[in-house]
>>> print(open('work.tsv').read())   # TSV, C-alpha atoms
chain	number	residue	atom	x	y	z
F	1	MET	CA	5.32	30.44	26.27
F	2	ARG	CA	5.64	26.91	27.61
F	3	ARG	CA	1.87	26.37	27.42
F	4	SER	CA	1.83	27.56	23.81
F	5	PHE	CA	4.62	25.12	22.94
F	6	LEU	CA	2.81	22.22	24.63
F	7	LEU	CA	-0.43	23.00	22.81
F	8	THR	CA	1.41	23.15	19.49
F	9	LEU	CA	3.09	19.83	20.24
F	10	LEU	CA	-0.24	18.27	21.22
F	11	PHE	CA	-1.99	19.43	18.04
F	12	ALA	CA	0.91	18.29	15.90
F	13	SER	CA	0.86	14.84	17.45
F	14	VAL	CA	-2.92	14.56	17.04
F	15	ALA	CA	-2.65	15.63	13.39
F	16	TYR	CA	0.10	13.08	12.82
F	17	ALA	CA	-1.84	10.28	14.52
F	18	ALA	CA	-4.92	11.10	12.45
F	19	SER	CA	-3.30	10.34	9.10
F	20	PRO	CA	-3.72	7.13	7.11
F	21	ASP	CA	-0.79	4.78	7.45
F	22	VAL	CA	0.51	1.60	5.87
F	23	ARG	CA	1.02	-1.58	7.86
F	24	ASP	CA	2.39	-5.05	7.13
F	25	ALA	CA	3.58	-4.33	3.58
F	26	TYR	CA	5.31	-7.23	1.85
F	27	VAL	CA	6.19	-8.61	-1.57
F	28	PRO	CA	6.33	-12.38	-2.09
F	29	GLN	CA	9.68	-13.15	-3.73
F	30	PRO	CA	9.03	-13.51	-7.46
F	31	PRO	CA	10.45	-16.50	-9.36
F	32	PRO	CA	13.87	-15.98	-11.00
F	33	GLY	CA	13.67	-13.94	-14.21
F	34	GLN	CA	10.23	-12.51	-13.40
F	35	THR	CA	9.85	-8.82	-14.28
F	36	MET	CA	6.71	-8.26	-12.23
F	37	ALA	CA	5.73	-8.75	-8.60
F	38	VAL	CA	2.73	-8.36	-6.33
F	39	MET	CA	2.56	-6.31	-3.14
F	40	PHE	CA	0.21	-6.80	-0.21
F	41	LEU	CA	-0.38	-4.37	2.64
F	42	THR	CA	-2.96	-2.86	4.95
F	43	ILE	CA	-3.90	0.81	4.93
F	44	HIS	CA	-5.39	2.12	8.17
F	45	ASN	CA	-7.60	5.20	7.75
F	46	PRO	CA	-8.27	6.84	11.14
F	47	LEU	CA	-9.89	9.87	9.50
F	48	ALA	CA	-13.57	10.73	9.92
F	49	GLN	CA	-14.01	10.67	6.14
F	50	THR	CA	-13.38	8.17	3.38
F	51	VAL	CA	-10.41	8.88	1.12
F	52	SER	CA	-9.33	6.98	-1.95
F	53	LEU	CA	-6.02	5.48	-3.00
F	54	MET	CA	-5.57	6.93	-6.49
F	55	SER	CA	-2.19	5.61	-7.61
F	56	ALA	CA	1.05	4.02	-6.50
F	57	SER	CA	4.67	4.16	-7.61
F	58	SER	CA	8.00	2.61	-6.72
F	59	GLU	CA	11.53	3.47	-7.75
F	60	LEU	CA	12.08	-0.27	-8.35
F	61	ALA	CA	9.31	-0.66	-10.96
F	62	ALA	CA	8.49	1.01	-14.26
F	63	ARG	CA	4.85	1.21	-13.14
F	64	VAL	CA	2.60	0.14	-10.27
F	65	GLU	CA	-1.10	-0.59	-10.74
F	66	LEU	CA	-3.98	-1.04	-8.33
F	67	HIS	CA	-5.63	-4.43	-8.90
F	68	THR	CA	-8.26	-6.79	-7.58
F	69	HIS	CA	-9.36	-10.32	-8.46
F	70	VAL	CA	-12.75	-11.01	-10.00
F	71	HIS	CA	-14.45	-14.33	-10.67
F	72	THR	CA	-15.65	-14.57	-14.27
F	73	HIS	CA	-17.07	-17.76	-15.79
F	74	GLY	CA	-15.52	-19.89	-13.07
F	75	GLN	CA	-12.07	-18.32	-13.44
F	76	MET	CA	-10.26	-15.83	-11.27
F	77	LYS	CA	-8.81	-12.90	-13.22
F	78	MET	CA	-6.93	-9.75	-12.28
F	79	GLN	CA	-8.66	-6.46	-12.95
F	80	ALA	CA	-6.98	-3.05	-12.86
F	81	LEU	CA	-8.69	-0.39	-10.75
F	82	THR	CA	-8.65	3.40	-11.08
F	83	LYS	CA	-8.97	3.88	-7.31
F	84	VAL	CA	-9.56	2.03	-4.05
F	85	GLU	CA	-11.79	3.57	-1.40
F	86	LEU	CA	-10.37	3.64	2.13
F	87	PRO	CA	-13.42	3.85	4.43
F	88	ALA	CA	-13.30	6.19	7.41
F	89	GLY	CA	-12.08	4.60	10.62
F	90	ARG	CA	-11.28	1.24	9.02
F	91	ASP	CA	-8.49	-0.91	7.64
F	92	THR	CA	-8.37	-1.83	3.97
F	93	THR	CA	-6.35	-4.99	3.43
F	94	PHE	CA	-4.65	-5.84	0.16
F	95	LYS	CA	-4.25	-9.63	0.30
F	96	PRO	CA	-3.98	-12.72	-1.90
F	97	GLY	CA	-7.20	-13.31	-3.83
F	98	GLY	CA	-8.34	-9.69	-3.39
F	99	LEU	CA	-6.94	-6.19	-3.63
F	100	HIS	CA	-3.22	-5.95	-4.41
F	101	LEU	CA	-0.60	-3.77	-6.07
F	102	MET	CA	1.11	-5.03	-9.23
F	103	LEU	CA	4.68	-3.92	-9.86
F	104	PHE	CA	5.54	-4.10	-13.58
F	105	GLY	CA	8.95	-3.70	-15.19
F	106	LEU	CA	11.06	-4.50	-12.15
F	107	LYS	CA	14.41	-2.78	-12.44
F	108	ARG	CA	16.24	-5.61	-10.70
F	109	ALA	CA	15.62	-9.08	-9.34
F	110	LEU	CA	14.01	-9.14	-5.88
F	111	GLN	CA	15.38	-11.49	-3.25
F	112	ALA	CA	14.08	-12.39	0.21
F	113	GLY	CA	15.24	-9.73	2.64
F	114	ASP	CA	15.19	-6.91	0.07
F	115	SER	CA	13.10	-3.80	0.65
F	116	VAL	CA	10.72	-2.26	-1.86
F	117	PRO	CA	9.81	1.40	-1.32
F	118	VAL	CA	6.33	2.44	-2.42
F	119	SER	CA	4.58	5.80	-2.58
F	120	LEU	CA	0.78	5.91	-2.45
F	121	ALA	CA	-1.18	8.95	-3.66
F	122	LEU	CA	-4.49	9.66	-1.89
F	123	SER	CA	-7.49	11.62	-3.14
F	124	ASP	CA	-6.94	14.34	-0.52
F	125	GLY	CA	-3.56	15.14	-2.06
F	126	SER	CA	-1.50	13.42	0.62
F	127	GLN	CA	1.16	10.78	-0.01
F	128	LEU	CA	1.83	7.66	2.03
F	129	ARG	CA	5.25	6.11	1.93
F	130	ALA	CA	6.05	2.58	2.98
F	131	ILE	CA	8.77	-0.02	2.71
F	132	ALA	CA	7.67	-3.55	1.82
F	133	ALA	CA	9.86	-6.48	2.81
F	134	VAL	CA	10.45	-9.15	0.18
F	135	ARG	CA	9.54	-12.53	1.68
F	136	ASP	CA	10.25	-16.04	0.46
F	137	LEU	CA	6.84	-17.68	0.94
F	138	ARG	CA	7.93	-21.02	-0.61
F	139	GLN	CA	9.46	-22.22	2.64
>>> encode(input="work.tsv", output="structure tokens")
Amino acid sequence: MRRSFLLTLLFASVAYAASPDVRDAYVPQPPPGQTMAVMFLTIHNPLAQTVSLMSASSELAARVELHTHVHTHGQMKMQALTKVELPAGRDTTFKPGGLHLMLFGLKRALQAGDSVPVSLALSDGSQLRAIAAVRDLRQ
């Protein structure tokens, strides 16, 4: 009986460790009166196969979109994405000037020290949940 319990515990911990996870999520504090914000984070995919981030949501925003920046005619513009591939065994970093999440229709003003919950839907049907800290980057 004890051996069976230990094997179950081992397999459960391996299954848990082999799930994508979110690291270093943060939202730069938006200017006063702003109804949108940007979120940066890293998603670690320890799986042996690529999965895709399909959508995101937050209880603090009317909608959340996946975005990237593209250079067009010497200008940098945001472009909405329908998905973001998360390569097997790698980190995918959402950072300034690249991939990011846009939060539209903020339901309240965000201040440094606040927390922003986010739910990320993956192509394999799983959901990742994370809490992003609001940071004042103007200091």
>>> residues_near_point(input="work.tsv", point="(4.6, 5.1, -6.5)", cutoff="7 Å", atoms="all atoms listed in the file", output="number ranges by chain")
F: 55-58, 64, 118-120
>>> write_last_selection(input="work.tsv", atoms="C-alpha atoms", output="PDB file, in the frame of the given file")
ATOM      1  CA  SER F  55      -2.190   5.610  -7.610  1.00  0.00           C
ATOM      2  CA  ALA F  56       1.050   4.020  -6.500  1.00  0.00           C
ATOM      3  CA  SER F  57       4.670   4.160  -7.610  1.00  0.00           C
ATOM      4  CA  SER F  58       8.000   2.610  -6.720  1.00  0.00           C
ATOM      5  CA  VAL F  64       2.600   0.140 -10.270  1.00  0.00           C
ATOM      6  CA  VAL F 118       6.330   2.440  -2.420  1.00  0.00           C
ATOM      7  CA  SER F 119       4.580   5.800  -2.580  1.00  0.00           C
ATOM      8  CA  LEU F 120       0.780   5.910  -2.450  1.00  0.00           C
TER       9      LEU F 120
END
>>> residues_around(input="work.tsv", residues="range 75-84 of chain F", least_positions_apart="3", cutoff="12 Å", atoms="only C-alpha atoms", output="number ranges by chain")
F: 38, 43, 50-56, 64-72, 87, 92-94, 96-102, 120-123
>>> atom_distance(input="work.tsv", atom1="CA of Ser126 in chain F", atom2="CA of Leu86 in chain F")
13.3 Å
>>> axis_aligned_box(input="work.tsv", around="range 115-131 of chain F", padding_each_side="5 Å", output="JSON")
{"center_x": 2.8, "center_y": 5.7, "center_z": -0.3, "size_x": 30.6, "size_y": 28.9, "size_z": 16.6}
>>> closest_residue(input="work.tsv", among="F:Asp91, F:Leu60, F:Leu103, F:His44", to="Pro117 in chain F", atoms="all atoms listed in the file")
F:Leu60
>>> residues_around(input="work.tsv", residues="range 18-33 of chain F", least_positions_apart="2", cutoff="8 Å", atoms="all atoms listed in the file", output="ChimeraX atom specification")
/F:14-16,35-47,109-112,116,128-137
>>> atom_distance(input="work.tsv", atom1="CA of Gln34 in chain F", atom2="CA of Asp114 in chain F")
15.4 Å
>>> atom_distance(input="work.tsv", atom1="CA of Glu85 in chain F", atom2="CA of Ala61 in chain F")
23.5 Å
>>> build_atoms(input="work.tsv", residues="range 84-108 of chain F", atoms="N, CA, C and O atoms", output="compact mmCIF listing (two decimals), in the coordinates of the input")
# COMPACT_ATOMS: atom_id res chain seq x y z
N VAL F 84 -9.08 2.92 -5.11
CA VAL F 84 -9.56 2.03 -4.05
C VAL F 84 -10.02 2.91 -2.90
O VAL F 84 -9.23 3.70 -2.37
N GLU F 85 -11.27 2.79 -2.52
CA GLU F 85 -11.79 3.57 -1.40
C GLU F 85 -11.24 3.03 -0.09
O GLU F 85 -11.18 1.81 0.11
N LEU F 86 -10.88 3.96 0.80
CA LEU F 86 -10.37 3.64 2.13
C LEU F 86 -11.38 4.19 3.12
O LEU F 86 -11.34 5.38 3.47
N PRO F 87 -12.33 3.36 3.57
CA PRO F 87 -13.42 3.85 4.43
C PRO F 87 -12.91 4.47 5.73
O PRO F 87 -11.91 4.03 6.30
N ALA F 88 -13.63 5.49 6.18
CA ALA F 88 -13.30 6.19 7.41
C ALA F 88 -13.25 5.23 8.59
O ALA F 88 -14.13 4.38 8.75
N GLY F 89 -12.20 5.37 9.40
CA GLY F 89 -12.08 4.60 10.62
C GLY F 89 -11.87 3.11 10.44
O GLY F 89 -12.08 2.33 11.38
N ARG F 90 -11.42 2.68 9.27
CA ARG F 90 -11.28 1.24 9.02
C ARG F 90 -9.94 0.91 8.36
O ARG F 90 -9.25 1.77 7.85
N ASP F 91 -9.64 -0.37 8.37
CA ASP F 91 -8.49 -0.91 7.64
C ASP F 91 -8.96 -1.42 6.29
O ASP F 91 -10.04 -2.01 6.19
N THR F 92 -8.14 -1.23 5.28
CA THR F 92 -8.37 -1.83 3.97
C THR F 92 -7.17 -2.73 3.71
O THR F 92 -6.04 -2.25 3.69
N THR F 93 -7.43 -4.02 3.55
CA THR F 93 -6.35 -4.99 3.43
C THR F 93 -6.22 -5.46 1.99
O THR F 93 -7.18 -5.89 1.37
N PHE F 94 -5.01 -5.34 1.48
CA PHE F 94 -4.65 -5.84 0.16
C PHE F 94 -4.02 -7.21 0.41
O PHE F 94 -2.96 -7.29 1.02
N LYS F 95 -4.69 -8.28 -0.06
CA LYS F 95 -4.25 -9.63 0.30
C LYS F 95 -4.44 -10.58 -0.88
O LYS F 95 -5.17 -10.26 -1.83
N PRO F 96 -3.82 -11.75 -0.81
CA PRO F 96 -3.98 -12.72 -1.90
C PRO F 96 -5.47 -13.01 -2.16
O PRO F 96 -6.25 -13.16 -1.23
N GLY F 97 -5.83 -13.04 -3.44
CA GLY F 97 -7.20 -13.31 -3.83
C GLY F 97 -8.11 -12.09 -3.80
O GLY F 97 -9.30 -12.17 -4.07
N GLY F 98 -7.55 -10.92 -3.48
CA GLY F 98 -8.34 -9.69 -3.39
C GLY F 98 -7.56 -8.51 -3.92
O GLY F 98 -6.85 -8.61 -4.92
N LEU F 99 -7.68 -7.39 -3.24
CA LEU F 99 -6.94 -6.19 -3.63
C LEU F 99 -5.43 -6.45 -3.54
O LEU F 99 -4.98 -7.18 -2.64
N HIS F 100 -4.68 -5.86 -4.44
CA HIS F 100 -3.22 -5.95 -4.41
C HIS F 100 -2.63 -4.89 -5.32
O HIS F 100 -3.34 -4.28 -6.12
N LEU F 101 -1.34 -4.65 -5.18
CA LEU F 101 -0.60 -3.77 -6.07
C LEU F 101 0.25 -4.64 -6.98
O LEU F 101 0.89 -5.59 -6.52
N MET F 102 0.26 -4.32 -8.27
CA MET F 102 1.11 -5.03 -9.23
C MET F 102 2.26 -4.12 -9.61
O MET F 102 2.05 -2.97 -10.00
N LEU F 103 3.47 -4.64 -9.48
CA LEU F 103 4.68 -3.92 -9.86
C LEU F 103 5.16 -4.49 -11.19
O LEU F 103 5.49 -5.68 -11.27
N PHE F 104 5.14 -3.67 -12.24
CA PHE F 104 5.54 -4.10 -13.58
C PHE F 104 6.87 -3.47 -13.95
O PHE F 104 7.16 -2.33 -13.60
N GLY F 105 7.66 -4.22 -14.73
CA GLY F 105 8.95 -3.70 -15.19
C GLY F 105 9.93 -3.52 -14.06
O GLY F 105 10.54 -2.45 -13.92
N LEU F 106 10.10 -4.58 -13.25
CA LEU F 106 11.06 -4.50 -12.15
C LEU F 106 12.44 -4.14 -12.68
O LEU F 106 12.88 -4.67 -13.71
N LYS F 107 13.10 -3.26 -11.99
CA LYS F 107 14.41 -2.78 -12.44
C LYS F 107 15.55 -3.67 -11.99
O LYS F 107 16.68 -3.49 -12.45
N ARG F 108 15.25 -4.60 -11.12
CA ARG F 108 16.24 -5.61 -10.70
C ARG F 108 15.50 -6.78 -10.08
O ARG F 108 14.33 -6.67 -9.72
